[in-house]
>>> print(open('coords37.txt').read())   # compact mmCIF, N, CA and C atoms
# COMPACT_ATOMS: atom_id res chain seq x y z
N MET O 3 -105.52 16.33 43.11
CA MET O 3 -105.11 17.70 42.83
C MET O 3 -103.65 17.71 42.41
N ARG O 4 -103.35 18.51 41.41
CA ARG O 4 -101.99 18.61 40.91
C ARG O 4 -101.12 19.38 41.90
N LYS O 5 -99.83 19.03 41.88
CA LYS O 5 -98.88 19.69 42.76
C LYS O 5 -98.57 21.08 42.22
N ALA O 6 -98.71 22.09 43.07
CA ALA O 6 -98.42 23.46 42.67
C ALA O 6 -96.92 23.70 42.75
N ARG O 7 -96.34 24.06 41.62
CA ARG O 7 -94.92 24.37 41.57
C ARG O 7 -94.75 25.85 41.31
N LYS O 8 -93.58 26.32 41.62
CA LYS O 8 -93.29 27.73 41.36
C LYS O 8 -92.94 27.87 39.88
N LEU O 9 -93.89 28.39 39.11
CA LEU O 9 -93.71 28.56 37.67
C LEU O 9 -93.54 30.03 37.34
N ASP O 10 -93.03 30.30 36.14
CA ASP O 10 -92.84 31.68 35.71
C ASP O 10 -94.08 32.21 34.98
N MET O 11 -95.23 31.66 35.30
CA MET O 11 -96.50 32.05 34.69
C MET O 11 -97.36 32.78 35.71
N SER O 12 -98.21 33.65 35.21
CA SER O 12 -99.17 34.33 36.07
C SER O 12 -100.55 34.20 35.45
N CYS O 13 -101.56 34.35 36.25
CA CYS O 13 -102.93 34.21 35.76
C CYS O 13 -103.30 35.43 34.90
N PRO O 14 -103.83 35.20 33.67
CA PRO O 14 -104.21 36.32 32.82
C PRO O 14 -105.61 36.88 33.09
N ASN O 15 -106.30 36.32 34.07
CA ASN O 15 -107.66 36.76 34.41
C ASN O 15 -107.59 38.02 35.27
N ALA O 16 -108.14 39.12 34.78
CA ALA O 16 -108.07 40.39 35.51
C ALA O 16 -108.87 40.36 36.81
N ASN O 17 -109.83 39.45 36.94
CA ASN O 17 -110.65 39.37 38.15
C ASN O 17 -110.05 38.45 39.22
N CYS O 18 -108.94 37.80 38.92
CA CYS O 18 -108.29 36.88 39.86
C CYS O 18 -107.42 37.66 40.84
N ARG O 19 -107.32 37.18 42.07
CA ARG O 19 -106.49 37.85 43.07
C ARG O 19 -105.01 37.76 42.72
N ALA O 20 -104.64 36.74 41.94
CA ALA O 20 -103.24 36.53 41.57
C ALA O 20 -102.94 37.04 40.16
N PHE O 21 -103.75 37.96 39.66
CA PHE O 21 -103.56 38.49 38.31
C PHE O 21 -102.21 39.15 38.18
N ASP O 22 -101.44 38.69 37.19
CA ASP O 22 -100.14 39.27 36.84
C ASP O 22 -99.10 39.17 37.96
N LYS O 23 -99.27 38.21 38.87
CA LYS O 23 -98.29 38.00 39.95
C LYS O 23 -97.62 36.65 39.72
N VAL O 24 -96.31 36.68 39.53
CA VAL O 24 -95.55 35.47 39.20
C VAL O 24 -95.00 34.85 40.48
N GLY O 25 -95.01 33.51 40.54
CA GLY O 25 -94.37 32.79 41.64
C GLY O 25 -95.24 32.56 42.86
N LEU O 26 -96.55 32.64 42.76
CA LEU O 26 -97.43 32.44 43.91
C LEU O 26 -97.86 30.99 44.08
N ARG O 27 -97.43 30.11 43.22
CA ARG O 27 -97.80 28.69 43.24
C ARG O 27 -99.29 28.47 43.03
N ASN O 28 -99.93 29.38 42.33
CA ASN O 28 -101.34 29.22 42.03
C ASN O 28 -101.58 28.67 40.63
N VAL O 29 -100.53 28.56 39.82
CA VAL O 29 -100.65 28.07 38.46
C VAL O 29 -100.06 26.66 38.39
N VAL O 30 -100.85 25.72 37.85
CA VAL O 30 -100.38 24.33 37.69
C VAL O 30 -100.46 23.95 36.22
N ARG O 31 -99.62 23.00 35.84
CA ARG O 31 -99.66 22.49 34.47
C ARG O 31 -100.93 21.66 34.30
N ASN O 32 -101.49 21.72 33.09
CA ASN O 32 -102.78 21.06 32.87
C ASN O 32 -102.85 20.41 31.49
N GLY O 33 -101.81 19.66 31.12
CA GLY O 33 -101.82 18.95 29.84
C GLY O 33 -101.24 19.75 28.70
N PHE O 34 -101.46 19.24 27.49
CA PHE O 34 -100.92 19.86 26.29
C PHE O 34 -102.02 20.02 25.25
N GLN O 35 -101.85 21.00 24.37
CA GLN O 35 -102.73 21.13 23.22
C GLN O 35 -102.24 20.20 22.12
N ARG O 36 -103.00 20.09 21.03
CA ARG O 36 -102.62 19.20 19.93
C ARG O 36 -101.33 19.63 19.24
N ASN O 37 -101.04 20.92 19.25
CA ASN O 37 -99.82 21.39 18.60
C ASN O 37 -98.61 21.35 19.52
N GLY O 38 -98.75 20.82 20.72
CA GLY O 38 -97.64 20.66 21.65
C GLY O 38 -97.48 21.77 22.66
N THR O 39 -98.35 22.76 22.67
CA THR O 39 -98.26 23.88 23.59
C THR O 39 -98.73 23.46 24.98
N GLN O 40 -97.97 23.81 26.00
CA GLN O 40 -98.32 23.48 27.38
C GLN O 40 -99.54 24.29 27.83
N LYS O 41 -100.50 23.62 28.47
CA LYS O 41 -101.67 24.29 29.02
C LYS O 41 -101.47 24.45 30.53
N TYR O 42 -102.05 25.52 31.09
CA TYR O 42 -101.95 25.81 32.51
C TYR O 42 -103.34 26.08 33.08
N LYS O 43 -103.44 26.00 34.40
CA LYS O 43 -104.70 26.29 35.07
C LYS O 43 -104.39 27.06 36.36
N CYS O 44 -105.16 28.11 36.61
CA CYS O 44 -105.05 28.86 37.85
C CYS O 44 -105.97 28.18 38.86
N VAL O 45 -105.42 27.78 40.01
CA VAL O 45 -106.23 27.08 41.01
C VAL O 45 -107.11 28.04 41.80
N ASP O 46 -106.83 29.33 41.75
CA ASP O 46 -107.64 30.31 42.47
C ASP O 46 -108.96 30.60 41.74
N CYS O 47 -108.86 30.93 40.44
CA CYS O 47 -110.07 31.30 39.70
C CYS O 47 -110.56 30.18 38.78
N GLY O 48 -109.72 29.17 38.53
CA GLY O 48 -110.12 28.06 37.69
C GLY O 48 -109.95 28.28 36.20
N ARG O 49 -109.33 29.37 35.79
CA ARG O 49 -109.17 29.68 34.36
C ARG O 49 -108.07 28.82 33.75
N ASN O 50 -108.35 28.28 32.57
CA ASN O 50 -107.36 27.55 31.78
C ASN O 50 -106.76 28.51 30.76
N PHE O 51 -105.46 28.40 30.54
CA PHE O 51 -104.79 29.26 29.56
C PHE O 51 -103.52 28.59 29.10
N VAL O 52 -102.91 29.16 28.06
CA VAL O 52 -101.66 28.64 27.52
C VAL O 52 -100.59 29.73 27.58
N ARG O 53 -99.35 29.30 27.46
CA ARG O 53 -98.23 30.23 27.54
C ARG O 53 -98.22 31.22 26.37
N THR O 54 -98.77 30.83 25.26
CA THR O 54 -98.69 31.66 24.05
C THR O 54 -99.74 32.76 24.00
N ILE O 55 -100.46 33.00 25.07
CA ILE O 55 -101.48 34.05 25.08
C ILE O 55 -100.80 35.40 24.83
N ASN O 56 -101.41 36.25 24.01
CA ASN O 56 -100.89 37.56 23.61
C ASN O 56 -99.62 37.48 22.76
N THR O 57 -99.48 36.40 22.01
CA THR O 57 -98.37 36.27 21.07
C THR O 57 -98.95 35.88 19.70
N PRO O 58 -98.16 35.96 18.64
CA PRO O 58 -98.67 35.52 17.34
C PRO O 58 -98.95 34.02 17.27
N PHE O 59 -98.47 33.24 18.23
CA PHE O 59 -98.67 31.80 18.23
C PHE O 59 -100.02 31.41 18.85
N PHE O 60 -100.71 32.36 19.49
CA PHE O 60 -101.96 32.07 20.20
C PHE O 60 -103.07 31.68 19.23
N ARG O 61 -103.78 30.62 19.54
CA ARG O 61 -104.88 30.07 18.74
C ARG O 61 -104.46 29.64 17.34
N LYS O 62 -103.24 29.19 17.21
CA LYS O 62 -102.76 28.64 15.95
C LYS O 62 -102.59 27.13 16.12
N HIS O 63 -103.01 26.39 15.10
CA HIS O 63 -102.91 24.94 15.16
C HIS O 63 -101.56 24.44 14.67
N LEU O 64 -100.80 25.30 14.05
CA LEU O 64 -99.47 24.91 13.58
C LEU O 64 -98.50 24.83 14.73
N LYS O 65 -97.47 24.03 14.55
CA LYS O 65 -96.41 23.97 15.56
C LYS O 65 -95.60 25.26 15.51
N LYS O 66 -94.95 25.56 16.60
CA LYS O 66 -94.18 26.79 16.72
C LYS O 66 -93.07 26.86 15.65
N LYS O 67 -92.43 25.73 15.38
CA LYS O 67 -91.36 25.69 14.38
C LYS O 67 -91.88 26.07 12.99
N GLU O 68 -93.09 25.62 12.66
CA GLU O 68 -93.66 25.93 11.36
C GLU O 68 -93.98 27.42 11.23
N ILE O 69 -94.50 28.01 12.30
CA ILE O 69 -94.81 29.44 12.27
C ILE O 69 -93.53 30.25 12.14
N ILE O 70 -92.50 29.86 12.85
CA ILE O 70 -91.21 30.56 12.75
C ILE O 70 -90.63 30.41 11.35
N ARG O 71 -90.77 29.23 10.77
CA ARG O 71 -90.29 29.00 9.40
C ARG O 71 -91.02 29.91 8.40
N ILE O 72 -92.33 30.03 8.55
CA ILE O 72 -93.11 30.91 7.67
C ILE O 72 -92.67 32.37 7.86
N CYS O 73 -92.45 32.77 9.11
CA CYS O 73 -92.04 34.16 9.38
C CYS O 73 -90.66 34.45 8.78
N LYS O 74 -89.76 33.49 8.84
CA LYS O 74 -88.44 33.70 8.24
C LYS O 74 -88.55 33.88 6.73
N MET O 75 -89.44 33.10 6.12
CA MET O 75 -89.62 33.25 4.67
C MET O 75 -90.27 34.59 4.34
N LEU O 76 -91.19 35.05 5.18
CA LEU O 76 -91.81 36.36 4.97
C LEU O 76 -90.77 37.47 5.08
N SER O 77 -89.85 37.33 6.02
CA SER O 77 -88.83 38.37 6.19
C SER O 77 -87.85 38.39 5.02
N GLU O 78 -87.74 37.28 4.28
CA GLU O 78 -86.90 37.22 3.08
C GLU O 78 -87.64 37.69 1.83
N LYS O 79 -88.87 38.21 2.04
CA LYS O 79 -89.71 38.74 0.96
C LYS O 79 -90.14 37.67 -0.04
N THR O 80 -90.33 36.45 0.46
CA THR O 80 -90.86 35.38 -0.37
C THR O 80 -92.37 35.59 -0.49
N SER O 81 -92.94 35.31 -1.64
CA SER O 81 -94.37 35.54 -1.84
C SER O 81 -95.19 34.53 -1.04
N PHE O 82 -96.43 34.89 -0.79
CA PHE O 82 -97.32 34.00 -0.03
C PHE O 82 -97.51 32.67 -0.74
N ARG O 83 -97.69 32.72 -2.04
CA ARG O 83 -97.91 31.48 -2.80
C ARG O 83 -96.67 30.59 -2.77
N ALA O 84 -95.49 31.18 -2.85
CA ALA O 84 -94.25 30.39 -2.79
C ALA O 84 -94.10 29.75 -1.42
N ILE O 85 -94.42 30.49 -0.37
CA ILE O 85 -94.34 29.94 0.98
C ILE O 85 -95.32 28.78 1.14
N ALA O 86 -96.52 28.93 0.59
CA ALA O 86 -97.51 27.86 0.66
C ALA O 86 -97.02 26.61 -0.08
N ARG O 87 -96.37 26.78 -1.22
CA ARG O 87 -95.84 25.63 -1.96
C ARG O 87 -94.69 24.97 -1.20
N ILE O 88 -93.78 25.78 -0.66
CA ILE O 88 -92.60 25.24 0.01
C ILE O 88 -92.98 24.51 1.30
N THR O 89 -93.86 25.11 2.10
CA THR O 89 -94.21 24.51 3.39
C THR O 89 -95.30 23.46 3.30
N GLY O 90 -96.07 23.49 2.22
CA GLY O 90 -97.16 22.53 2.08
C GLY O 90 -98.42 22.94 2.81
N HIS O 91 -98.49 24.18 3.28
CA HIS O 91 -99.68 24.69 3.96
C HIS O 91 -100.57 25.42 2.97
N HIS O 92 -101.81 25.58 3.34
CA HIS O 92 -102.77 26.28 2.50
C HIS O 92 -102.41 27.77 2.45
N LEU O 93 -102.73 28.41 1.35
CA LEU O 93 -102.43 29.83 1.16
C LEU O 93 -103.09 30.69 2.24
N ASP O 94 -104.32 30.35 2.60
CA ASP O 94 -105.01 31.11 3.66
C ASP O 94 -104.32 30.97 5.01
N THR O 95 -103.70 29.82 5.27
CA THR O 95 -102.95 29.63 6.52
C THR O 95 -101.75 30.55 6.57
N VAL O 96 -101.04 30.65 5.47
CA VAL O 96 -99.87 31.54 5.40
C VAL O 96 -100.31 32.98 5.58
N ARG O 97 -101.41 33.36 4.95
CA ARG O 97 -101.92 34.73 5.11
C ARG O 97 -102.35 35.00 6.55
N ALA O 98 -102.95 34.01 7.21
CA ALA O 98 -103.39 34.19 8.60
C ALA O 98 -102.19 34.39 9.52
N VAL O 99 -101.12 33.64 9.29
CA VAL O 99 -99.91 33.81 10.10
C VAL O 99 -99.32 35.19 9.87
N ALA O 100 -99.25 35.62 8.61
CA ALA O 100 -98.71 36.95 8.30
C ALA O 100 -99.56 38.04 8.94
N ASP O 101 -100.87 37.87 8.93
CA ASP O 101 -101.77 38.85 9.54
C ASP O 101 -101.57 38.92 11.05
N ALA O 102 -101.44 37.77 11.70
CA ALA O 102 -101.23 37.74 13.15
C ALA O 102 -99.91 38.40 13.54
N VAL O 103 -98.86 38.13 12.79
CA VAL O 103 -97.55 38.72 13.08
C VAL O 103 -97.59 40.23 12.84
N ALA O 104 -98.26 40.66 11.78
CA ALA O 104 -98.35 42.09 11.48
C ALA O 104 -99.11 42.84 12.58
N LYS O 105 -100.20 42.27 13.06
CA LYS O 105 -100.96 42.90 14.15
C LYS O 105 -100.13 42.98 15.42
N HIS O 106 -99.36 41.94 15.70
CA HIS O 106 -98.51 41.93 16.90
C HIS O 106 -97.42 43.00 16.80
N CYS O 107 -96.81 43.13 15.64
CA CYS O 107 -95.79 44.15 15.43
C CYS O 107 -96.38 45.55 15.53
N LYS O 108 -97.60 45.72 15.04
CA LYS O 108 -98.26 47.02 15.12
C LYS O 108 -98.51 47.41 16.58
N LYS O 109 -98.92 46.43 17.40
CA LYS O 109 -99.12 46.70 18.84
C LYS O 109 -97.83 47.13 19.51
N PHE O 110 -96.73 46.45 19.16
CA PHE O 110 -95.42 46.81 19.71
C PHE O 110 -95.06 48.24 19.36
N ASN O 111 -95.18 48.58 18.09
CA ASN O 111 -94.82 49.93 17.65
C ASN O 111 -95.72 50.98 18.28
N GLU O 112 -97.02 50.71 18.39
CA GLU O 112 -97.93 51.66 19.03
C GLU O 112 -97.56 51.87 20.50
N TYR O 113 -97.17 50.79 21.18
CA TYR O 113 -96.76 50.90 22.57
C TYR O 113 -95.53 51.79 22.70
N PHE O 114 -94.54 51.56 21.85
CA PHE O 114 -93.32 52.36 21.91
C PHE O 114 -93.59 53.83 21.60
N ILE O 115 -94.49 54.08 20.67
CA ILE O 115 -94.75 55.47 20.27
C ILE O 115 -95.64 56.18 21.28
N THR O 116 -96.71 55.53 21.77
CA THR O 116 -97.65 56.21 22.67
C THR O 116 -97.21 56.17 24.13
N GLU O 117 -96.84 55.01 24.63
CA GLU O 117 -96.51 54.89 26.06
C GLU O 117 -95.11 55.40 26.39
N LEU O 118 -94.15 55.09 25.56
CA LEU O 118 -92.77 55.50 25.82
C LEU O 118 -92.41 56.83 25.19
N LYS O 119 -93.37 57.40 24.42
CA LYS O 119 -93.20 58.71 23.79
C LYS O 119 -91.97 58.78 22.89
N LEU O 120 -91.76 57.72 22.10
CA LEU O 120 -90.67 57.71 21.14
C LEU O 120 -91.20 58.12 19.77
N SER O 121 -90.35 58.70 18.97
CA SER O 121 -90.76 59.03 17.60
C SER O 121 -90.60 57.78 16.74
N PRO O 122 -91.28 57.73 15.61
CA PRO O 122 -91.12 56.57 14.73
C PRO O 122 -89.68 56.34 14.28
N ILE O 123 -88.91 57.39 14.15
CA ILE O 123 -87.51 57.25 13.77
C ILE O 123 -86.72 56.57 14.88
N GLU O 124 -87.00 56.95 16.13
CA GLU O 124 -86.31 56.33 17.27
C GLU O 124 -86.66 54.85 17.39
N VAL O 125 -87.91 54.51 17.12
CA VAL O 125 -88.32 53.11 17.16
C VAL O 125 -87.59 52.32 16.08
N ASP O 126 -87.49 52.89 14.88
CA ASP O 126 -86.78 52.23 13.79
C ASP O 126 -85.31 52.04 14.15
N GLU O 127 -84.69 53.04 14.74
CA GLU O 127 -83.29 52.94 15.16
C GLU O 127 -83.12 51.86 16.24
N MET O 128 -84.09 51.77 17.15
CA MET O 128 -84.03 50.75 18.20
C MET O 128 -84.06 49.35 17.59
N TRP O 129 -84.97 49.11 16.62
CA TRP O 129 -85.05 47.80 16.00
C TRP O 129 -83.78 47.49 15.20
N SER O 130 -83.17 48.50 14.59
CA SER O 130 -81.92 48.30 13.87
C SER O 130 -80.81 47.90 14.84
N PHE O 131 -80.79 48.53 16.01
CA PHE O 131 -79.80 48.20 17.04
C PHE O 131 -80.00 46.78 17.53
N VAL O 132 -81.25 46.38 17.76
CA VAL O 132 -81.55 45.02 18.24
C VAL O 132 -81.10 44.00 17.21
N LYS O 133 -81.37 44.27 15.93
CA LYS O 133 -80.99 43.35 14.87
C LYS O 133 -79.46 43.21 14.78
N LYS O 134 -78.75 44.34 14.97
CA LYS O 134 -77.30 44.31 14.90
C LYS O 134 -76.71 43.51 16.07
N LYS O 135 -77.27 43.68 17.26
CA LYS O 135 -76.77 42.97 18.45
C LYS O 135 -77.13 41.49 18.42
N LYS O 136 -78.17 41.13 17.72
CA LYS O 136 -78.60 39.72 17.64
C LYS O 136 -77.52 38.87 16.98
N LYS O 137 -76.82 39.43 16.00
CA LYS O 137 -75.78 38.69 15.31
C LYS O 137 -74.61 38.35 16.23
N ILE O 138 -74.34 39.23 17.20
CA ILE O 138 -73.24 39.01 18.14
C ILE O 138 -73.56 37.88 19.11
N VAL O 139 -74.78 37.87 19.60
CA VAL O 139 -75.21 36.85 20.57
C VAL O 139 -75.41 35.56 19.85
>>> encode(input="coords37.txt", output="structure tokens")
Amino acid sequence: MRKARKLDMSCPNANCRAFDKVGLRNVVRNGFQRNGTQKYKCVDCGRNFVRTINTPFFRKHLKKKEIIRICKMLSEKTSFRAIARITGHHLDTVRAVADAVAKHCKKFNEYFITELKLSPIEVDEMWSFVKKKKKIV
């Protein structure tokens, strides 16, 4: 049996007693995926999961650096075909990454608008503020 360490991960299984509770020593490391992502296992319910769950990196075979590189090119308004030529990835791969990132951003904006009751203008101002502060850090 693997040694249980205090990790900053929680079990994503809603039926587990340790669901969404961090630091209970119920999560152990359980190897790596082919793209280098760390795998984890909950010893209470037996569920295997990865850190990238609920992110645009989830279920992607590309390395994290490659996905970030594609996203940076997308933010510079580079075309999909140009990104595919530059990175050497298939055009459908670039489109799949763009689709995953767009869906993730849509979820963020919907959360801010529905749960936090912000207007779309306030959300836009918040992202502008975050972008401005990022340059300082």
>>> closest_residue(input="coords37.txt", among="O:Phe82, O:Gln40, O:Asn50, O:Phe59", to="His106 of chain O", atoms="only C-alpha atoms")
O:Phe59
>>> residues_around(input="coords37.txt", residues="segment 89-99 of chain O", least_positions_apart="6", cutoff="9 Å", atoms="only C-alpha atoms", output="JSON, numbers by chain")
{"O": [58, 59, 62, 68, 69, 71, 72, 73, 82, 83]}
>>> residues_around(input="coords37.txt", residues="segment 8-13 of chain O", least_positions_apart="6", cutoff="5 Å", atoms="only N, CA and C atoms", output="PDB file with N, CA and C atoms, in the frame of the given file")
ATOM      1  N   ALA O  20    -104.640  36.740  41.940  1.00  0.00           N
ATOM      2  CA  ALA O  20    -103.240  36.530  41.570  1.00  0.00           C
ATOM      3  C   ALA O  20    -102.940  37.040  40.160  1.00  0.00           C
ATOM      4  N   PHE O  21    -103.750  37.960  39.660  1.00  0.00           N
ATOM      5  CA  PHE O  21    -103.560  38.490  38.310  1.00  0.00           C
ATOM      6  C   PHE O  21    -102.210  39.150  38.180  1.00  0.00           C
ATOM      7  N   ASP O  22    -101.440  38.690  37.190  1.00  0.00           N
ATOM      8  CA  ASP O  22    -100.140  39.270  36.840  1.00  0.00           C
ATOM      9  C   ASP O  22     -99.100  39.170  37.960  1.00  0.00           C
ATOM     10  N   LYS O  23     -99.270  38.210  38.870  1.00  0.00           N
ATOM     11  CA  LYS O  23     -98.290  38.000  39.950  1.00  0.00           C
ATOM     12  C   LYS O  23     -97.620  36.650  39.720  1.00  0.00           C
ATOM     13  N   VAL O  24     -96.310  36.680  39.530  1.00  0.00           N
ATOM     14  CA  VAL O  24     -95.550  35.470  39.200  1.00  0.00           C
ATOM     15  C   VAL O  24     -95.000  34.850  40.480  1.00  0.00           C
ATOM     16  N   GLY O  25     -95.010  33.510  40.540  1.00  0.00           N
ATOM     17  CA  GLY O  25     -94.370  32.790  41.640  1.00  0.00           C
ATOM     18  C   GLY O  25     -95.240  32.560  42.860  1.00  0.00           C
ATOM     19  N   ARG O  27     -97.430  30.110  43.220  1.00  0.00           N
ATOM     20  CA  ARG O  27     -97.800  28.690  43.240  1.00  0.00           C
ATOM     21  C   ARG O  27     -99.290  28.470  43.030  1.00  0.00           C
TER      22      ARG O  27
END
>>> atom_distance(input="coords37.txt", atom1="atom C of Ser77 of chain O", atom2="atom CA of Thr57 of chain O")
19.3 Å
>>> select_by_dssp(input="coords37.txt", residues="segment 97-126 of chain O", states="helix (DSSP H, G or I)", output="PyMOL selection string")
chain O and resi 97-116+122-126
>>> axis_aligned_box(input="coords37.txt", around="segment 36-54 of chain O", padding_each_side="6 Å", output="lines of an AutoDock Vina configuration file")
center_x = -104.0
center_y = 26.0
center_z = 30.5
size_x = 25.1
size_y = 25.6
size_z = 35.9
>>> closest_residue(input="coords37.txt", among="O:Val29, O:Ile70, O:Met128, O:Leu64", to="Ile115 of chain O", atoms="only C-alpha atoms")
O:Met128
>>> closest_residue(input="coords37.txt", among="O:Ile88, O:Ala100, O:Asn37, O:Lys43", to="Lys66 of chain O", atoms="all atoms listed in the file")
O:Asn37
>>> closest_residue(input="coords37.txt", among="O:His63, O:Val132, O:Asp126, O:Asn56", to="Lys109 of chain O", atoms="only C-alpha atoms")
O:Asn56
>>> atom_distance(input="coords37.txt", atom1="atom N of Leu118 of chain O", atom2="atom C of Ala102 of chain O")
21.4 Å
>>> closest_residue(input="coords37.txt", among="O:Pro14, O:Glu127, O:Arg19, O:Arg87", to="Arg53 of chain O", atoms="only C-alpha atoms")
O:Pro14
>>> closest_residue(input="coords37.txt", among="O:Ala104, O:Asn111, O:Asn17, O:Phe60", to="Glu124 of chain O", atoms="only C-alpha atoms")
O:Asn111
>>> select_by_dssp(input="coords37.txt", residues="chain O", states="strand (DSSP E or B)", output="list in words")
Cys13, Phe21, Val29, Val30, Arg31, Asn32, Gly33, Phe34, Gln40, Lys41, Tyr42, Lys43, Cys44, Asn50, Phe51 and Val52 of chain O
>>> atom_distance(input="coords37.txt", atom1="atom C of Lys74 of chain O", atom2="atom C of Phe51 of chain O")
27.4 Å
>>> build_atoms(input="coords37.txt", residues="segment 7-24 of chain O", atoms="N, CA, C and O atoms", output="mmCIF file, in the frame of the given file")
data_model
loop_
_atom_site.group_PDB
_atom_site.id
_atom_site.type_symbol
_atom_site.label_atom_id
_atom_site.label_comp_id
_atom_site.auth_asym_id
_atom_site.auth_seq_id
_atom_site.Cartn_x
_atom_site.Cartn_y
_atom_site.Cartn_z
ATOM 1 N N ARG O 7 -96.340 24.060 41.620
ATOM 2 C CA ARG O 7 -94.920 24.370 41.570
ATOM 3 C C ARG O 7 -94.750 25.850 41.310
ATOM 4 O O ARG O 7 -95.645 26.513 40.817
ATOM 5 N N LYS O 8 -93.580 26.320 41.620
ATOM 6 C CA LYS O 8 -93.290 27.730 41.360
ATOM 7 C C LYS O 8 -92.940 27.870 39.880
ATOM 8 O O LYS O 8 -91.867 27.482 39.440
ATOM 9 N N LEU O 9 -93.890 28.390 39.110
ATOM 10 C CA LEU O 9 -93.710 28.560 37.670
ATOM 11 C C LEU O 9 -93.540 30.030 37.340
ATOM 12 O O LEU O 9 -93.865 30.908 38.138
ATOM 13 N N ASP O 10 -93.030 30.300 36.140
ATOM 14 C CA ASP O 10 -92.840 31.680 35.710
ATOM 15 C C ASP O 10 -94.080 32.210 34.980
ATOM 16 O O ASP O 10 -93.999 33.095 34.165
ATOM 17 N N MET O 11 -95.230 31.660 35.300
ATOM 18 C CA MET O 11 -96.500 32.050 34.690
ATOM 19 C C MET O 11 -97.360 32.780 35.710
ATOM 20 O O MET O 11 -97.261 32.535 36.900
ATOM 21 N N SER O 12 -98.210 33.650 35.210
ATOM 22 C CA SER O 12 -99.170 34.330 36.070
ATOM 23 C C SER O 12 -100.550 34.200 35.450
ATOM 24 O O SER O 12 -100.682 33.986 34.243
ATOM 25 N N CYS O 13 -101.560 34.350 36.250
ATOM 26 C CA CYS O 13 -102.930 34.210 35.760
ATOM 27 C C CYS O 13 -103.300 35.430 34.900
ATOM 28 O O CYS O 13 -103.120 36.569 35.319
ATOM 29 N N PRO O 14 -103.830 35.200 33.670
ATOM 30 C CA PRO O 14 -104.210 36.320 32.820
ATOM 31 C C PRO O 14 -105.610 36.880 33.090
ATOM 32 O O PRO O 14 -106.036 37.821 32.431
ATOM 33 N N ASN O 15 -106.300 36.320 34.070
ATOM 34 C CA ASN O 15 -107.660 36.760 34.410
ATOM 35 C C ASN O 15 -107.590 38.020 35.270
ATOM 36 O O ASN O 15 -107.069 37.996 36.388
ATOM 37 N N ALA O 16 -108.140 39.120 34.780
ATOM 38 C CA ALA O 16 -108.070 40.390 35.510
ATOM 39 C C ALA O 16 -108.870 40.360 36.810
ATOM 40 O O ALA O 16 -108.616 41.162 37.712
ATOM 41 N N ASN O 17 -109.830 39.450 36.940
ATOM 42 C CA ASN O 17 -110.650 39.370 38.150
ATOM 43 C C ASN O 17 -110.050 38.450 39.220
ATOM 44 O O ASN O 17 -110.592 38.340 40.313
ATOM 45 N N CYS O 18 -108.940 37.800 38.920
ATOM 46 C CA CYS O 18 -108.290 36.880 39.860
ATOM 47 C C CYS O 18 -107.420 37.660 40.840
ATOM 48 O O CYS O 18 -106.824 38.678 40.487
ATOM 49 N N ARG O 19 -107.320 37.180 42.070
ATOM 50 C CA ARG O 19 -106.490 37.850 43.070
ATOM 51 C C ARG O 19 -105.010 37.760 42.720
ATOM 52 O O ARG O 19 -104.200 38.577 43.144
ATOM 53 N N ALA O 20 -104.640 36.740 41.940
ATOM 54 C CA ALA O 20 -103.240 36.530 41.570
ATOM 55 C C ALA O 20 -102.940 37.040 40.160
ATOM 56 O O ALA O 20 -101.975 36.610 39.539
ATOM 57 N N PHE O 21 -103.750 37.960 39.660
ATOM 58 C CA PHE O 21 -103.560 38.490 38.310
ATOM 59 C C PHE O 21 -102.210 39.150 38.180
ATOM 60 O O PHE O 21 -101.835 40.026 38.960
ATOM 61 N N ASP O 22 -101.440 38.690 37.190
ATOM 62 C CA ASP O 22 -100.140 39.270 36.840
ATOM 63 C C ASP O 22 -99.100 39.170 37.960
ATOM 64 O O ASP O 22 -98.172 39.963 38.017
ATOM 65 N N LYS O 23 -99.270 38.210 38.870
ATOM 66 C CA LYS O 23 -98.290 38.000 39.950
ATOM 67 C C LYS O 23 -97.620 36.650 39.720
ATOM 68 O O LYS O 23 -98.267 35.611 39.746
ATOM 69 N N VAL O 24 -96.310 36.680 39.530
ATOM 70 C CA VAL O 24 -95.550 35.470 39.200
ATOM 71 C C VAL O 24 -95.000 34.850 40.480
ATOM 72 O O VAL O 24 -94.588 35.542 41.401
#
